[in-house]
Protein chains: 2
Amino acid sequence: MNLTESNLYEELRTFLQEHQVSKNETQIEQHSHDESYHKASPPDLVVFPESTDEVSAIVKVANAYQTPITPYGLGTSLEGHVIPYDHGITIDFSQMNKVIEVREKDFLVKVQPGVTRSQLNKELKKYGLFFTVDPGADATLGGMAATNASGTTSVKYGVMRDQVRDLEVVLADGEIIHTGSLAQKSSSGYNLNSLFVGSEGTLGCITELTFKVYGIPEHIVAARASFPSVNNAVEAVVSILQAGVPIARVELVDEPSMKQVNMFSETRYQEQPTLFLEFHGNEAGLNYDVEFTKEIVADHQCEEILFEKDNAARNRLWEARHNLAYAYVHGNPGKKLMVTDVCVPISELAGAIEHAREKVNELELNGGITGHVGDGNYHILLMMDMDDPDEVNKAEQLNEQIVDYALQRGGTCTGEHGVGLGKMKYQQREHGEALRVMEKIKLALDEKEILNPYKLVHQKKTRL
Amino acid sequence: MNLTESNLYEELRTFLQEHQVSKNETQIEQHSHDESYHKASPPDLVVFPESTDEVSAIVKVANAYQTPITPYGLGTSLEGHVIPYDHGITIDFSQMNKVIEVREKDFLVKVQPGVTRSQLNKELKKYGLFFTVDPGADATLGGMAATNASGTTSVKYGVMRDQVRDLEVVLADGEIIHTGSLAQKSSSGYNLNSLFVGSEGTLGCITELTFKVYGIPEHIVAARASFPSVNNAVEAVVSILQAGVPIARVELVDEPSMKQVNMFSETRYQEQPTLFLEFHGNEAGLNYDVEFTKEIVADHQCEEILFEKDNAARNRLWEARHNLAYAYVHGNPGKKLMVTDVCVPISELAGAIEHAREKVNELELNGGITGHVGDGNYHILLMMDMDDPDEVNKAEQLNEQIVDYALQRGGTCTGEHGVGLGKMKYQQREHGEALRVMEKIKLALDEKEILNPYKLVHQKKTRL
C-alpha cells in the first residue's frame, strides 16, 4: 500500500468527527513528551476516541497503513512511554472517562481507561469504598494498568496487577478481547490479565478495566517518625515487617527531600530522615500495632514519632509526601527530572540505599532519596540541566550503577515506573534469555510492530 | 528424522543413569492417570531427573525426536493434567525435592519442584514461617505452580500466582530462563511469572521456584458454625466479607458432606450446613474480629458456633475438612471422583449454590457441595460409576450446567483445579477471541507442540 498521511487523516475522518482528529500544534506538542527528561518527539495526529468500537476502527486503519499507535492517558509517565518516537497516531483516552459500574457487594469497579485516580476515589467514596493504588501522580487508570503502577499503599494492598480482574483490550488487528473474568480467582487458560498489565501499550490498547476496590478502613492512623540516619530508618522498616505488623504505608523521605517538602508544602516538619507511616484496621488491633511500632522505632534510635489521627492533618501529611517530585521540579526551574526506580529484596535495602547515597556524593550530584521502603523500592530524584552534558552524563552513570547494584542482588531495574524507553537498555541484563520469550510474545501479537514502537522490548525492525 | 523409541531410550541413557529412565510396568501404570475420573493413558518412558541441566538435556532430546513431554509432580491433579494422551516421556520430578534456600528476612523460599507442601511447612516451622497455599492434597510445589493452585487460605493470602516471585523454567528448546526476580514488585518487561504459573506444563517445565512465605500468625482461632440452610451459611459469608473482617479461612461444607466427614474422620460434628472458619492476627484485633463475626452469623440464623483455640482441636478440624474428597472416595469403592470447580463473583454465590443443589437433585445424583466460599469458589463432589453410561452422562450434564451458570454471571469454569483435559471444552466459551491470543503464545513458545499436548489450549495438529 502506498498511502499518504493525508489519506490516513481522511480515512480516520470517515468514522471520527472533526474534533476527534487533531493536527493542532498545541495538541501535537502536548502529546510529544511526558513528565521526565526524555527527549520529545511529536505524533503526526492525535485522536480522541469515545468508544471501544472507535478505538478498534482506529487500530484497524493504523494496521492497514502500518502506522504506529501510541496510547496516551495523561502523560504522567517517567520513562518516555507515551512519546511517539516513530510518530504516527497518538490515541488520547481523555474522552473515555466514565466510571461504568460499581459492584459494591463484589468490591469491583468497571471504568473506562481515561478515568483518573482522584475521579474514581471521589465516586467510590459514596459507597464507602476506596481504590488503593497510589502512585502520587493523578494518573489515568488505563495508564496505571499499562505500567503496572504502584505506590505508597502497595505494601499492604498490592500493585495494580494485583487488583485487575479483567481488561477489555483492542489488539493490533483491531480485534477486541477480554483478558479475565469477574471471579476472585481462576485457573482457566493462560493468565492474560497479568501479561497485559505492564505491557505499556505494546500488545494492545486497554479500553475498559475491571478491578478490585476496598472498604474504607474502620480506623486510620498516620505518623511521622524521624531518625538520626537513613540507615536507622530503613532498619526500623525491616523490623516492622519482620514483626508482622500489617502496615498500610511506610515511606522514607531523606533529609534533603524533607527540606524540599517543607519549602514547597509550607510545612514545618523536622528536617531529618523521616518515615511516613499509616495503619489501617479495627480500633483494637490498630492500637496494638501502633504501640508495637512505637517500641520498634525506639529500638532504632527514632528521635520523635508524631501521630496524626484527624483527617485534615493526615491528608496534609500525604499531600506533602505526594508533592515531593513536584517540589523538586518547582525548586529547580529549567531543569528536568530523572528518577531512578530500582526495587531490591528487603534484606538488601539498607545496603542499597547506603550505596546510592555514596554514589550521589561521589558524583557530586544534588539528589534526594525517597521510597516505598516496605516494598524495597526507592527512588533518587535528580534535577538535570539537559544542556550540561557533564551533568547528564553523571546522572546516567548514577542510574547505571544503581541498577547494577540492584540486579546483582536479585532486584529489578524498575519497581513501578516501567520500562518505556528509559529502561530498555537494562532489559537484557535483567531478563537474560527470558527477553527472547518476551520478544516472541510481542511478535506473535503484533507482527507489524505498530503498537508503541521502541518501548519495552527490542524489536527486529530498526526504524529509528 | 526417523528415530525409533529404542533410539530415544539409548539417547537418554547417554546422560541419565539406568534408574533414571524407566519402562517398568508399575511406573508406567502409576504415571498413566491422576486422582480423577479421566481416562488413563500410558507414557512410553518415565524419567527421573536430578538437576535442571538434566531436565534441559531431556527436553532437547524430546525436541529433536518431536516426542511429547509431560511433567509430573505427585499426580494429585483432578483434570487429567499429568495424563500423557500422546504418550512420549513423562518427567517425574520426585528426585528434585530439595528446599534450596530460606531467606527469612525476605520471607522468601527457593525450592525444587518436587518438594511437597507438607515437607516445606515442616522445614519452614523451624524459622517461625509457613506457606499459605493449601489445596488439601499434599501436592508438589511444581504442580501447584503449574495449575495455579489455591485453597482454604486464599481468601486472605491469595493463590499460588500471588506468591511466586521467580521460576526457573526449561523451555521447549531446552533453554533455561528465569521468569522474575527476588523483588517484591517489578514493572520490568512482560510479567512471565503469571504467564508460566497456571500454564500446566504447556509452555515449559518448572525446575525451581522462589515464592513468598509468611510469619506464623501470633494468634489463630478456628471455629465451626452450623446453619439451618446452605443459603444462610453463604449469606453469612457475604456479610463477613462486606464487614471487612480479614478472615483467613471460610469453608462451606453441606449436610451430606458433613455426614461423609463424620464417617471418615470419626468426628461427631453436627450434620448441618457448616462453615469452617479461621482468624489470624494479633490478640486484640482478633478478639474484635471474632466477636463481630459472632454477631454476623447470628443475624443469619447460625444455630451453633464453636471455637477451637488449641492446636490439636484446630488441626483435627482442618484435617477433617481436607479429607473430605478422600472421604467420598473411601465411602464409594469402585467409583471415580468428579469435582466441579467454578468460581463466581461473591454477589452471585448464593444463587449459584442454590442452582447447583437444584440440578443435582433434578438429575438424581448423589453429590456433596463444599467450597472456598470466601473466594466465590465451590465444588460439587460426585462419585461416578464409570461403567454406567447414564450416570456418566448425567455427571457431564451437571458439569456443563454449572459451568454455563457461572460463565453467564462473570465467573470462570475453574477456580483452582485448572483446565487440563477436562475443561478444554469450555475454553472457547469462557475466553472467546482471547483464546486465539493464548494459542498464539503457545505456538510462539512451543512450535513443535511437544509440551503436554492436548492440554489447556487447542492445538493445530490433531494427533489424537
# chains A, B, ... in the order shown; residues from 1 in each chain; ligands from 1
>>> closest_atom_pairs(of="chain B", to="chain A", cutoff="7 Å", atoms="only C-alpha atoms", output="CSV")
residue,atom,partner,partner_atom,distance
B:Lys105,CA,A:Ser347,CA,5.8
B:Asp106,CA,A:Ile346,CA,5.7
B:Thr147,CA,A:Ser187,CA,6.5
B:Asn148,CA,A:Ser187,CA,5.9
B:Ile177,CA,A:Ala434,CA,5.3
B:His178,CA,A:Ala434,CA,6.3
B:Thr179,CA,A:Ala434,CA,6.5
B:Ser181,CA,A:Gly410,CA,5.6
B:Leu182,CA,A:Gly410,CA,5.0
B:Ala183,CA,A:Pro345,CA,4.9
B:Gln184,CA,A:Asp375,CA,5.7
B:Lys185,CA,A:Gly415,CA,5.6
B:Ser186,CA,A:Gly415,CA,4.2
B:Ser187,CA,A:Gly418,CA,4.7
B:Ser188,CA,A:Thr414,CA,5.6
B:Gly189,CA,A:Leu456,CA,6.2
B:Tyr190,CA,A:Ser199,CA,5.8
B:Asn191,CA,A:Leu195,CA,5.4
B:Ser194,CA,A:Ser194,CA,6.1
B:Leu195,CA,A:Asn191,CA,5.4
B:Gly198,CA,A:Ser187,CA,6.2
B:Ser199,CA,A:Tyr190,CA,5.9
B:Gly215,CA,A:Gly244,CA,6.7
B:Gln242,CA,A:Lys105,CA,6.8
B:Gly244,CA,A:Gly215,CA,6.7
B:Asn282,CA,A:Gly285,CA,6.6
B:Ala284,CA,A:Gly285,CA,5.2
B:Gly285,CA,A:Gly285,CA,3.5
B:Tyr288,CA,A:Ala284,CA,7.0
B:Cys343,CA,A:Ala183,CA,5.8
B:Val344,CA,A:Ala183,CA,5.0
B:Pro345,CA,A:Ala183,CA,4.9
B:Ile346,CA,A:Asp106,CA,5.7
B:Ser347,CA,A:Lys105,CA,5.8
B:Asp375,CA,A:Gln184,CA,5.7
B:Gly376,CA,A:Gln184,CA,6.9
B:Gly410,CA,A:Leu182,CA,5.0
B:Gly411,CA,A:Ala183,CA,4.9
B:Thr412,CA,A:Ser186,CA,6.2
B:Cys413,CA,A:Ser188,CA,6.7
B:Thr414,CA,A:Ser187,CA,5.6
B:Gly415,CA,A:Ser186,CA,4.2
B:Glu416,CA,A:Ser187,CA,5.1
B:His417,CA,A:Ser187,CA,6.5
B:Gly418,CA,A:Ser187,CA,4.6
B:Val419,CA,A:Ser188,CA,5.7
B:Glu433,CA,A:Ile177,CA,5.6
B:Ala434,CA,A:Ile177,CA,5.3
B:Met438,CA,A:Tyr190,CA,6.3
B:Lys440,CA,A:Ala444,CA,6.0
B:Ile441,CA,A:Ile441,CA,6.0
B:Ala444,CA,A:Lys440,CA,6.0
B:Leu456,CA,A:Gly189,CA,6.2
>>> residues_around(residues="region 381-395 of chain B", least_positions_apart="3", cutoff="9 Å", atoms="only C-alpha atoms", output="list of chain:residue names")
B:Tyr37, B:Ser257, B:Ala325, B:Tyr328, B:Val329, B:Asn332, B:Gly334, B:Lys335, B:Lys336, B:Leu337, B:Met338, B:Val339, B:Thr340, B:Val360, B:Leu363, B:Glu364, B:Leu365, B:Asn366, B:Gly367, B:Gly368, B:Ile369, B:Thr370, B:Leu398, B:Asn399, B:Glu400
>>> write_last_selection(atoms="N, CA and C atoms", output="CSV table (one decimal), in the first residue's frame")
chain,number,residue,atom,x,y,z
B,37,TYR,N,-11.5,-39.0,37.4
B,37,TYR,CA,-12.2,-39.9,36.6
B,37,TYR,C,-11.6,-40.0,35.2
B,257,SER,N,-22.1,-33.7,53.0
B,257,SER,CA,-20.6,-33.8,53.1
B,257,SER,C,-20.2,-33.9,54.6
B,325,ALA,N,-12.6,-35.0,50.2
B,325,ALA,CA,-12.6,-35.7,49.0
B,325,ALA,C,-12.3,-37.2,49.1
B,328,TYR,N,-15.2,-39.1,50.4
B,328,TYR,CA,-16.1,-39.5,49.4
B,328,TYR,C,-15.6,-40.8,48.6
B,329,VAL,N,-14.3,-40.7,48.3
B,329,VAL,CA,-13.7,-41.8,47.5
B,329,VAL,C,-13.8,-43.1,48.4
B,332,ASN,N,-17.2,-44.7,48.7
B,332,ASN,CA,-17.8,-45.2,47.4
B,332,ASN,C,-16.8,-46.0,46.6
B,334,GLY,N,-14.9,-48.4,44.2
B,334,GLY,CA,-15.1,-48.8,42.8
B,334,GLY,C,-15.6,-47.6,41.9
B,335,LYS,N,-16.0,-46.5,42.6
B,335,LYS,CA,-16.4,-45.3,41.8
B,335,LYS,C,-15.3,-44.3,41.6
B,336,LYS,N,-15.5,-43.4,40.7
B,336,LYS,CA,-14.4,-42.4,40.4
B,336,LYS,C,-14.9,-41.0,40.7
B,337,LEU,N,-14.0,-40.2,41.1
B,337,LEU,CA,-14.3,-38.8,41.6
B,337,LEU,C,-14.4,-37.8,40.5
B,338,MET,N,-15.5,-37.1,40.4
B,338,MET,CA,-15.6,-35.9,39.5
B,338,MET,C,-15.9,-34.7,40.4
B,339,VAL,N,-15.2,-33.6,40.2
B,339,VAL,CA,-15.4,-32.5,41.1
B,339,VAL,C,-15.6,-31.2,40.2
B,340,THR,N,-16.7,-30.6,40.3
B,340,THR,CA,-16.9,-29.3,39.5
B,340,THR,C,-16.1,-28.3,40.3
B,360,VAL,N,-28.4,-31.0,40.9
B,360,VAL,CA,-28.0,-32.3,41.5
B,360,VAL,C,-29.3,-33.1,41.8
B,363,LEU,N,-31.2,-34.2,38.6
B,363,LEU,CA,-30.5,-35.3,37.9
B,363,LEU,C,-30.4,-36.6,38.7
B,364,GLU,N,-31.0,-36.5,39.9
B,364,GLU,CA,-30.9,-37.6,40.9
B,364,GLU,C,-29.5,-38.1,41.1
B,365,LEU,N,-28.6,-37.2,41.2
B,365,LEU,CA,-27.2,-37.6,41.5
B,365,LEU,C,-26.9,-37.5,43.0
B,366,ASN,N,-25.9,-38.1,43.4
B,366,ASN,CA,-25.5,-38.1,44.8
B,366,ASN,C,-24.3,-37.3,45.0
B,367,GLY,N,-24.5,-36.0,45.3
B,367,GLY,CA,-23.3,-35.1,45.3
B,367,GLY,C,-23.3,-34.2,46.5
B,368,GLY,N,-22.1,-33.9,47.0
B,368,GLY,CA,-22.0,-33.0,48.1
B,368,GLY,C,-21.4,-31.7,47.6
B,369,ILE,N,-21.8,-30.6,48.3
B,369,ILE,CA,-21.3,-29.3,47.9
B,369,ILE,C,-20.4,-28.8,49.0
B,370,THR,N,-19.3,-28.3,48.6
B,370,THR,CA,-18.3,-27.7,49.5
B,370,THR,C,-17.6,-26.6,48.8
B,398,LEU,N,-24.4,-32.2,34.4
B,398,LEU,CA,-24.3,-31.3,35.5
B,398,LEU,C,-23.1,-30.3,35.4
B,399,ASN,N,-22.0,-30.9,35.1
B,399,ASN,CA,-20.8,-30.0,35.0
B,399,ASN,C,-21.1,-28.9,34.0
B,400,GLU,N,-21.6,-29.3,32.8
B,400,GLU,CA,-22.0,-28.3,31.8
B,400,GLU,C,-22.9,-27.2,32.3
>>> closest_residue(among="A:Ala139, A:Asp173, A:Arg314, A:Leu275", to="Ile220 (chain A)", atoms="only C-alpha atoms")
A:Arg314
>>> select_by_dssp(residues="region 219-325 of chain B", states="strand (DSSP E or B)", output="PyMOL selection string")
chain B and resi 219-226+249-253+274-281+304-308
>>> atom_distance(atom1="CA of Gln27 (chain B)", atom2="CA of Pro43 (chain B)")
9.4 Å
>>> atom_distance(atom1="CA of His458 (chain B)", atom2="CA of Lys60 (chain A)")
26.7 Å
>>> select_by_dssp(residues="region 291-425 of chain A", states="helix (DSSP H, G or I)", output="VMD selection string")
chain A and resid 291 to 299 311 to 322 324 to 331 346 to 362 373 to 375 389 to 408 424 to 425
>>> atom_distance(atom1="CA of Tyr65 (chain A)", atom2="CA of Asn452 (chain A)")
14.9 Å
>>> residues_around(residues="Val99 (chain A)", least_positions_apart="6", cutoff="9 Å", atoms="only C-alpha atoms", output="MDAnalysis selection string")
chainID A and resid 109:112 115 119:120 123
>>> residues_around(residues="Gln301 (chain B)", least_positions_apart="3", cutoff="12 Å", atoms="only C-alpha atoms", output="list of chain:residue names")
B:Ala225, B:Ser226, B:Phe227, B:Pro228, B:Ser229, B:Val230, B:Asn231, B:Asn232, B:Ala233, B:Val234, B:Glu235, B:Ala236, B:Pro273, B:Thr274, B:Lys294, B:Glu295, B:Ile296, B:Val297, B:Ala298, B:Glu304, B:Ile305
>>> write_last_selection(atoms="N, CA and C atoms", output="CSV table (one decimal), in the first residue's frame")
chain,number,residue,atom,x,y,z
B,225,ALA,N,-19.4,-23.2,62.5
B,225,ALA,CA,-20.7,-22.6,62.7
B,225,ALA,C,-21.7,-23.4,61.8
B,226,SER,N,-22.8,-23.8,62.5
B,226,SER,CA,-23.8,-24.6,61.7
B,226,SER,C,-25.0,-23.7,61.5
B,227,PHE,N,-25.6,-23.9,60.3
B,227,PHE,CA,-26.7,-23.1,59.8
B,227,PHE,C,-27.9,-24.0,59.4
B,228,PRO,N,-29.1,-23.5,59.5
B,228,PRO,CA,-30.3,-24.3,59.0
B,228,PRO,C,-30.2,-24.6,57.5
B,229,SER,N,-29.6,-23.7,56.7
B,229,SER,CA,-29.6,-24.0,55.3
B,229,SER,C,-28.2,-23.5,54.7
B,230,VAL,N,-27.9,-24.0,53.5
B,230,VAL,CA,-26.7,-23.6,52.8
B,230,VAL,C,-26.8,-22.1,52.5
B,231,ASN,N,-28.0,-21.7,52.1
B,231,ASN,CA,-28.2,-20.3,51.8
B,231,ASN,C,-27.9,-19.4,52.9
B,232,ASN,N,-28.3,-19.7,54.2
B,232,ASN,CA,-28.0,-18.9,55.3
B,232,ASN,C,-26.4,-18.8,55.5
B,233,ALA,N,-25.8,-20.0,55.3
B,233,ALA,CA,-24.3,-20.0,55.5
B,233,ALA,C,-23.6,-19.1,54.5
B,234,VAL,N,-24.1,-19.2,53.2
B,234,VAL,CA,-23.4,-18.4,52.2
B,234,VAL,C,-23.7,-16.9,52.4
B,235,GLU,N,-24.9,-16.6,52.8
B,235,GLU,CA,-25.2,-15.2,53.1
B,235,GLU,C,-24.4,-14.6,54.3
B,236,ALA,N,-24.1,-15.5,55.2
B,236,ALA,CA,-23.3,-15.1,56.4
B,236,ALA,C,-21.9,-14.7,55.9
B,273,PRO,N,-25.5,-27.8,57.4
B,273,PRO,CA,-24.6,-27.0,56.6
B,273,PRO,C,-23.7,-26.2,57.6
B,274,THR,N,-22.4,-26.2,57.3
B,274,THR,CA,-21.4,-25.7,58.3
B,274,THR,C,-20.4,-24.9,57.6
B,294,LYS,N,-19.3,-13.4,65.3
B,294,LYS,CA,-20.4,-14.0,66.1
B,294,LYS,C,-21.7,-13.3,65.9
B,295,GLU,N,-21.7,-11.9,65.9
B,295,GLU,CA,-22.9,-11.1,65.7
B,295,GLU,C,-23.4,-11.4,64.3
B,296,ILE,N,-22.5,-11.4,63.3
B,296,ILE,CA,-22.9,-11.5,61.9
B,296,ILE,C,-23.6,-12.9,61.7
B,297,VAL,N,-22.9,-13.9,62.1
B,297,VAL,CA,-23.5,-15.3,61.9
B,297,VAL,C,-24.9,-15.4,62.6
B,298,ALA,N,-25.0,-14.8,63.8
B,298,ALA,CA,-26.3,-14.8,64.5
B,298,ALA,C,-27.4,-14.2,63.7
B,304,GLU,N,-25.3,-22.7,66.0
B,304,GLU,CA,-24.3,-23.0,66.9
B,304,GLU,C,-22.9,-22.6,66.4
B,305,ILE,N,-22.1,-21.9,67.1
B,305,ILE,CA,-20.8,-21.6,66.7
B,305,ILE,C,-19.8,-22.0,67.8
